[in-house]
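Q: Next comes start-v7.csv, CSV, C-alpha atoms:
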```csv
chain,number,residue,atom,x,y,z
O,5,MET,CA,28.0,-26.3,-21.4
O,6,GLN,CA,27.2,-28.2,-24.5
O,7,PHE,CA,28.4,-28.2,-28.1
O,8,SER,CA,26.2,-29.6,-30.8
O,9,HIS,CA,24.9,-29.4,-34.4
O,10,SER,CA,21.2,-28.7,-34.9
O,11,ASP,CA,19.0,-31.6,-36.2
O,12,ALA,CA,18.6,-29.6,-39.5
O,13,ILE,CA,22.3,-29.6,-40.1
O,14,TRP,CA,22.6,-33.3,-39.6
O,15,GLN,CA,19.6,-33.8,-41.9
O,16,ALA,CA,21.1,-31.6,-44.6
O,17,PHE,CA,24.7,-33.0,-44.2
O,18,PRO,CA,24.4,-36.6,-43.0
O,19,GLU,CA,27.9,-37.2,-44.1
O,20,LEU,CA,29.3,-34.7,-41.6
O,21,ARG,CA,31.7,-36.0,-39.0
O,22,ALA,CA,33.0,-33.8,-36.2
O,23,GLY,CA,35.7,-34.2,-33.5
O,24,VAL,CA,35.7,-32.0,-30.4
O,25,LEU,CA,38.2,-31.4,-27.6
O,26,HIS,CA,37.8,-29.3,-24.4
O,27,VAL,CA,40.9,-28.4,-22.5
O,28,GLY,CA,42.1,-26.0,-19.8
O,29,GLY,CA,45.6,-25.0,-18.6
O,30,ILE,CA,46.4,-23.2,-21.9
O,31,HIS,CA,49.1,-20.5,-21.8
O,32,ALA,CA,51.0,-18.6,-24.5
O,33,ASN,CA,54.5,-19.7,-23.5
O,34,ALA,CA,54.6,-23.2,-25.1
O,35,ASP,CA,57.3,-23.9,-27.7
O,36,VAL,CA,55.5,-25.6,-30.6
O,37,GLU,CA,58.0,-24.9,-33.4
O,38,ALA,CA,59.3,-28.5,-33.8
O,39,ALA,CA,55.8,-29.9,-34.0
O,40,ILE,CA,54.8,-27.2,-36.5
O,41,ALA,CA,57.7,-28.1,-38.7
O,42,ASP,CA,56.7,-31.7,-38.7
O,43,PHE,CA,53.1,-30.9,-39.7
O,44,ASN,CA,54.2,-28.4,-42.3
O,45,ALA,CA,56.4,-31.0,-43.9
O,46,ILE,CA,53.4,-33.3,-44.3
O,47,ALA,CA,51.5,-30.5,-46.0
O,48,GLU,CA,54.4,-29.5,-48.2
O,49,ALA,CA,54.8,-33.1,-49.4
O,50,ARG,CA,51.1,-33.4,-50.3
O,51,LEU,CA,51.1,-30.0,-52.1
O,52,THR,CA,54.0,-31.2,-54.3
O,53,ARG,CA,51.6,-33.8,-55.7
O,54,ALA,CA,48.5,-31.8,-56.1
O,55,GLN,CA,47.0,-28.3,-55.3
O,56,GLU,CA,44.7,-28.0,-52.4
O,57,GLY,CA,41.6,-27.7,-54.7
O,58,GLU,CA,42.2,-31.3,-55.7
O,59,PHE,CA,42.2,-32.7,-52.2
O,60,PRO,CA,39.0,-34.8,-51.4
O,61,GLU,CA,38.7,-33.0,-48.1
O,62,ILE,CA,38.6,-29.6,-49.8
O,63,GLN,CA,36.4,-30.7,-52.7
O,64,ALA,CA,33.8,-32.0,-50.2
O,65,TRP,CA,33.7,-28.6,-48.4
O,66,ARG,CA,33.4,-26.9,-51.7
O,67,ARG,CA,30.4,-29.0,-52.5
O,68,GLY,CA,29.0,-28.3,-49.1
O,69,PHE,CA,29.4,-24.5,-49.5
O,70,SER,CA,27.6,-24.8,-52.9
O,71,ARG,CA,24.8,-26.6,-51.1
O,72,MET,CA,24.6,-23.7,-48.7
O,73,GLY,CA,24.2,-21.3,-51.6
O,74,LEU,CA,27.8,-19.9,-51.4
O,75,LYS,CA,30.3,-19.6,-54.2
O,76,PRO,CA,33.0,-22.0,-53.1
O,77,THR,CA,35.8,-20.0,-54.7
O,78,GLN,CA,34.6,-16.8,-53.0
O,79,TYR,CA,34.0,-18.3,-49.6
O,80,ARG,CA,36.5,-21.1,-48.7
O,81,CYS,CA,36.6,-23.3,-45.7
O,82,ALA,CA,39.4,-22.4,-43.3
O,83,SER,CA,41.7,-25.3,-44.2
O,84,GLU,CA,41.6,-24.4,-47.9
O,85,ALA,CA,42.4,-20.8,-47.1
O,86,LEU,CA,45.4,-21.9,-45.0
O,87,LEU,CA,46.6,-24.3,-47.6
O,88,ARG,CA,46.4,-21.7,-50.3
O,89,ARG,CA,48.4,-19.2,-48.3
O,90,PHE,CA,50.9,-21.9,-47.2
O,91,ARG,CA,51.4,-23.0,-50.8
O,92,HIS,CA,52.3,-19.5,-51.9
O,93,GLU,CA,54.4,-18.5,-48.8
O,94,HIS,CA,55.6,-21.8,-47.4
O,95,ALA,CA,54.7,-20.6,-43.9
O,96,LEU,CA,51.9,-19.1,-41.9
O,97,PRO,CA,52.0,-16.1,-39.6
O,98,ARG,CA,52.5,-16.8,-35.9
O,99,LEU,CA,49.5,-15.8,-33.7
O,100,HIS,CA,49.5,-17.9,-30.5
O,101,PRO,CA,51.2,-21.3,-29.9
O,102,LEU,CA,47.9,-23.1,-29.7
O,103,ILE,CA,46.5,-21.5,-32.8
O,104,ASP,CA,49.8,-22.0,-34.7
O,105,LEU,CA,49.8,-25.6,-33.7
O,106,CYS,CA,46.2,-26.2,-34.7
O,107,ASN,CA,46.8,-24.4,-38.0
O,108,ALA,CA,49.7,-26.7,-38.8
O,109,ILE,CA,47.6,-29.8,-38.0
O,110,SER,CA,44.8,-28.4,-40.2
O,111,LEU,CA,47.4,-28.0,-43.0
O,112,ALA,CA,48.5,-31.6,-42.5
O,113,PHE,CA,45.0,-33.0,-42.5
O,114,ALA,CA,43.4,-30.5,-44.9
O,115,ILE,CA,40.5,-30.3,-42.4
O,116,PRO,CA,39.3,-27.1,-40.8
O,117,ILE,CA,39.9,-26.7,-37.1
O,118,ALA,CA,38.2,-24.0,-35.0
O,119,VAL,CA,39.4,-23.0,-31.6
O,120,PHE,CA,37.2,-21.0,-29.2
O,121,ASP,CA,38.0,-19.3,-25.9
O,122,THR,CA,35.3,-20.9,-23.8
O,123,GLU,CA,35.2,-18.0,-21.4
O,124,LYS,CA,33.7,-15.9,-24.2
O,125,ILE,CA,30.9,-18.4,-24.9
O,126,VAL,CA,27.5,-17.8,-23.2
O,127,GLY,CA,25.5,-21.0,-22.5
O,128,ASP,CA,25.6,-23.7,-25.2
O,129,LEU,CA,27.3,-23.5,-28.6
O,130,GLU,CA,25.3,-24.8,-31.6
O,131,VAL,CA,26.0,-25.0,-35.3
O,132,ARG,CA,22.7,-24.0,-36.8
O,133,ARG,CA,21.1,-21.9,-39.5
O,134,ALA,CA,21.0,-18.2,-38.6
O,135,ARG,CA,17.8,-16.2,-38.2
O,136,GLY,CA,19.7,-13.1,-39.3
O,137,ASP,CA,19.4,-11.1,-36.0
O,138,GLU,CA,22.4,-12.7,-34.3
O,139,THR,CA,25.5,-10.5,-33.8
O,140,TYR,CA,29.0,-11.3,-35.1
O,141,LEU,CA,32.2,-9.4,-34.1
O,142,THR,CA,34.8,-9.1,-36.8
O,143,PHE,CA,38.6,-9.2,-35.9
O,144,ALA,CA,38.6,-5.5,-36.8
O,145,GLY,CA,36.1,-4.9,-33.9
O,146,GLU,CA,33.0,-4.3,-36.1
O,147,SER,CA,29.6,-5.8,-35.4
O,148,GLU,CA,27.7,-7.6,-38.2
O,149,HIS,CA,24.6,-9.7,-38.6
O,150,PRO,CA,24.8,-13.0,-40.5
O,151,GLU,CA,22.5,-13.6,-43.4
O,152,ALA,CA,19.3,-15.4,-42.7
O,153,ASN,CA,19.8,-19.2,-43.2
O,154,GLU,CA,23.6,-18.9,-43.1
O,155,VAL,CA,25.3,-21.6,-41.0
O,156,ILE,CA,26.8,-20.2,-37.9
O,157,PHE,CA,28.2,-21.2,-34.5
O,158,ALA,CA,25.7,-19.6,-32.2
O,159,ASP,CA,25.8,-19.4,-28.4
O,160,GLY,CA,23.0,-18.9,-25.8
O,161,ASP,CA,23.2,-15.1,-26.2
O,162,ASP,CA,22.6,-15.3,-30.0
O,163,ARG,CA,26.2,-14.3,-30.7
O,164,ALA,CA,27.8,-15.9,-33.8
O,165,HIS,CA,31.2,-17.3,-33.1
O,166,ALA,CA,31.7,-18.3,-36.7
O,167,ARG,CA,30.1,-17.3,-40.0
O,168,ARG,CA,29.5,-19.4,-43.1
O,169,TRP,CA,30.2,-22.6,-41.0
O,170,THR,CA,33.9,-23.2,-41.5
O,171,ASN,CA,34.7,-20.0,-43.3
O,172,ARG,CA,35.5,-17.5,-40.7
O,173,GLN,CA,35.6,-17.3,-36.9
O,174,SER,CA,34.7,-14.3,-34.7
O,175,GLY,CA,37.1,-12.0,-33.0
O,176,LEU,CA,35.0,-12.3,-29.9
O,177,SER,CA,36.1,-15.8,-28.9
O,178,ALA,CA,39.5,-15.7,-30.6
O,179,VAL,CA,42.4,-17.2,-28.6
O,180,ARG,CA,44.5,-14.5,-26.9
O,181,GLU,CA,47.4,-14.5,-24.4
O,182,THR,CA,44.8,-14.4,-21.6
O,183,THR,CA,43.0,-17.6,-22.9
O,184,ARG,CA,43.1,-20.5,-20.5
O,185,SER,CA,40.3,-22.8,-21.6
O,186,VAL,CA,39.4,-23.7,-25.2
O,187,LEU,CA,36.9,-25.7,-27.2
O,188,ILE,CA,38.5,-27.2,-30.4
O,189,VAL,CA,36.2,-28.3,-33.2
O,190,ALA,CA,37.2,-30.2,-36.4
O,191,GLU,CA,34.6,-31.0,-39.1
O,192,ALA,CA,34.8,-32.9,-42.4
O,193,LEU,CA,32.4,-34.0,-45.1
O,194,HIS,CA,34.6,-36.3,-47.3
O,195,ALA,CA,34.2,-40.0,-47.7
O,196,SER,CA,36.8,-41.0,-45.1
O,197,ALA,CA,35.9,-38.2,-42.7
O,198,GLY,CA,35.1,-40.5,-39.8
O,199,ASP,CA,38.5,-42.2,-39.8
O,200,ASP,CA,40.4,-38.9,-40.6
O,201,ILE,CA,38.6,-36.9,-37.9
O,202,ALA,CA,39.4,-39.7,-35.3
O,203,ARG,CA,43.1,-39.5,-36.3
O,204,LEU,CA,43.0,-35.7,-36.1
O,205,VAL,CA,41.5,-35.6,-32.6
O,206,GLU,CA,44.1,-38.1,-31.4
O,207,THR,CA,46.8,-36.0,-33.0
O,208,VAL,CA,45.6,-32.8,-31.4
O,209,ALA,CA,45.1,-34.4,-28.0
O,210,ASP,CA,48.6,-35.8,-28.1
O,211,ALA,CA,50.0,-32.4,-29.1
O,212,LEU,CA,48.1,-30.7,-26.3
O,213,ALA,CA,49.4,-33.1,-23.7
O,214,ARG,CA,53.0,-32.7,-24.9
O,215,HIS,CA,53.0,-28.9,-24.9
O,216,TRP,CA,50.6,-27.9,-22.0
O,217,PRO,CA,49.8,-29.3,-18.6
O,218,ALA,CA,46.5,-30.5,-20.1
O,219,THR,CA,44.4,-33.6,-20.4
O,220,PRO,CA,41.7,-32.8,-23.0
O,221,LYS,CA,38.2,-34.3,-22.9
O,222,THR,CA,37.4,-35.5,-26.4
O,223,ALA,CA,34.5,-36.9,-28.4
O,224,MET,CA,33.5,-37.9,-31.9
O,225,LEU,CA,30.1,-36.5,-33.1
O,226,SER,CA,27.8,-38.1,-35.6
O,227,PRO,CA,24.0,-38.3,-36.2
O,228,VAL,CA,23.8,-41.0,-33.5
O,229,SER,CA,26.0,-39.1,-31.0
O,230,PRO,CA,25.5,-35.4,-31.8
O,231,ARG,CA,26.3,-33.7,-28.5
O,232,PHE,CA,29.4,-32.9,-26.4
O,233,GLU,CA,29.2,-31.8,-22.8
O,234,PHE,CA,32.1,-29.6,-21.6
```
Starting from the file, give its structure as structure tokens.
A:
Amino acid sequence: MQFSHSDAIWQAFPELRAGVLHVGGIHANADVEAAIADFNAIAEARLTRAQEGEFPEIQAWRRGFSRMGLKPTQYRCASEALLRRFRHEHALPRLHPLIDLCNAISLAFAIPIAVFDTEKIVGDLEVRRARGDETYLTFAGESEHPEANEVIFADGDDRAHARRWTNRQSGLSAVRETTRSVLIVAEALHASAGDDIARLVETVADALARHWPATPKTAMLSPVSPRFEF
């Protein structure tokens, strides 16, 4: 299987940097609370100095959403949505240890992180523009079609595993108690994205190794190295 961004995405967003991890051995019994507290503290400290909308990581995604024809205050990247909720509630709901951990790391880095159950992916997974006939399963179990030219994560069966790029994932490949193998994708557009994504991937890989019997395969993607085999 392969994960990649289409050539058109790289051409439209040459500043994009992405980090990917693939790992098996995942289970729902890991105790990640101490790690979550550490990452939450980083986010809390940063939010005392500025609101999330002032972060360069978030501002870059807002500009990216505008370039996609989306209103950035109507459709937000996942990390901005998490930071907004965290700023108001000082906590996030618990879903699954892996998701909870990745959400906390996303808060600390202000970078969106997507986690996909690889057993729900057919063929390769590509970030590309939608034709409009692909199918997307909501978390409520309803089927939708993305808008034509919308940026989606599409698999070989033309199923959209995320809509509006980093805005919302699909219920189809969401991590559940039965999940054992995952693909984790972090993407950023801001000026220091390369260095920050590298640190984020290292952080996630270390956290995975400490909490699961897992040795993740990792890669950094860029226009000169755009594909990841897993």
Q: Which residue, O:Leu25, O:Asp11, O:Arg168, O:Ala38, has the smallest gap to Val189 (chain O) when you use only C-alpha atoms?
A: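 For Val189 (chain O), the nearest of the candidates is O:Leu25.
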Q: Would you mind telling me which residue in O:Glu58, O:Glu84, O:Glu146, O:Asp35 lies nearest to Asn107 (chain O) when using all atoms listed in the file?
A: O:Glu84
Q: Which residues are near Ala158 (chain O)? Cut-off 12 Å, only C-alpha atoms, ignore same chain within fewer than 4 positions. Put them as a PyMOL selection string.
A: chain O and resi 6-10+120+124-140+149-150+154+162-169+173-174+177
Q: Taking (52.7, -25.4, -35.7) in the file's coordinates, which residues come within 8 Å, counting all atoms listed in the file, written as a count of residues only?
A: 16
Q: Would you kindly return, as a short mmCIF file (atom, residue, chain, number, x, y, z; two decimals) with C-alpha atoms, keeping the file's coordinate frame, each protein, DNA or RNA residue with an atom no farther than 9 Å from any atom of Leu204 (chain O), considering all atoms listed in the file and excluding same-chain residues fewer than 5 positions away?
A:
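Result went into part-v6.cif, see below:
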```
data_model
loop_
_atom_site.label_atom_id
_atom_site.label_comp_id
_atom_site.auth_asym_id
_atom_site.auth_seq_id
_atom_site.Cartn_x
_atom_site.Cartn_y
_atom_site.Cartn_z
CA GLY O 23 35.70 -34.20 -33.50
CA ILE O 109 47.60 -29.80 -38.00
CA SER O 110 44.80 -28.40 -40.20
CA PHE O 113 45.00 -33.00 -42.50
CA ILE O 115 40.50 -30.30 -42.40
CA ALA O 190 37.20 -30.20 -36.40
CA ASP O 199 38.50 -42.20 -39.80
CA ALA O 209 45.10 -34.40 -28.00
#
```
Q: Which is closer to Leu51 (chain O) than all the others in O:Arg203, O:Arg67, O:Arg88, O:Arg80, using all atoms listed in the file?
A: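 Smallest separation from Leu51 (chain O) among the options: O:Arg88.
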Q: To one decimal in Å, tell me the separation between CA of Ala34 (chain O) and CA of Gly175 (chain O).
A: 22.2 Å
Q: Might you pull out every residue within 8 Å of Leu187 (chain O), with all atoms listed in the file counted and same-chain residues fewer than 2 positions away left off, and present them as a list in words?
A: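 Those residues are Val24, Leu25, His26, Val27, Val119, Phe120, Asp121, Thr122, Ser185 and Val189 of chain O.
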Q: Rounded to one decimal place, report the CA of Ser226 (chain O)-CA of Gly57 (chain O) distance in Å.
A: 25.8 Å
Q: I need the residue nearest Met5 (chain O) from this list: O:Asp159, O:Ala213, O:Ala47, O:Pro18. Use all atoms listed in the file for the distance.
A: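 Going through O:Asp159, O:Ala213, O:Ala47, O:Pro18 one by one, the smallest distance to Met5 (chain O) is for O:Asp159.
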Q: Would you mind telling me which residue in O:Asp210, O:Glu61, O:Glu56, O:Glu233 lies nearest to Ser196 (chain O) when using only C-alpha atoms?
A: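 Once distances to Ser196 (chain O) are computed over only C-alpha atoms, the minimum belongs to O:Glu61.
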Q: When distances are computed from only C-alpha atoms, which of O:Ala12, O:Asn153, O:Gly145, O:Asn171 shows the smallest separation from Lys75 (chain O)?
A: O:Asn171
Q: Would you work out the distance separating CA of Leu225 (chain O) from CA of Ala22 (chain O), expressed in Å to one decimal?
A: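 Separation of CA of Leu225 (chain O) and CA of Ala22 (chain O): 5.0 Å.
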Q: Please define a box with edges along x, y and z of the file around all atoms of region 33-41 of chain O given in the file, extend it by 5 Å on each side, and return its centre and edge lengths in Å to one decimal, as JSON.
A:
```
{"center_x": 56.9, "center_y": -24.8, "center_z": -31.1, "size_x": 14.8, "size_y": 20.2, "size_z": 25.2}
```
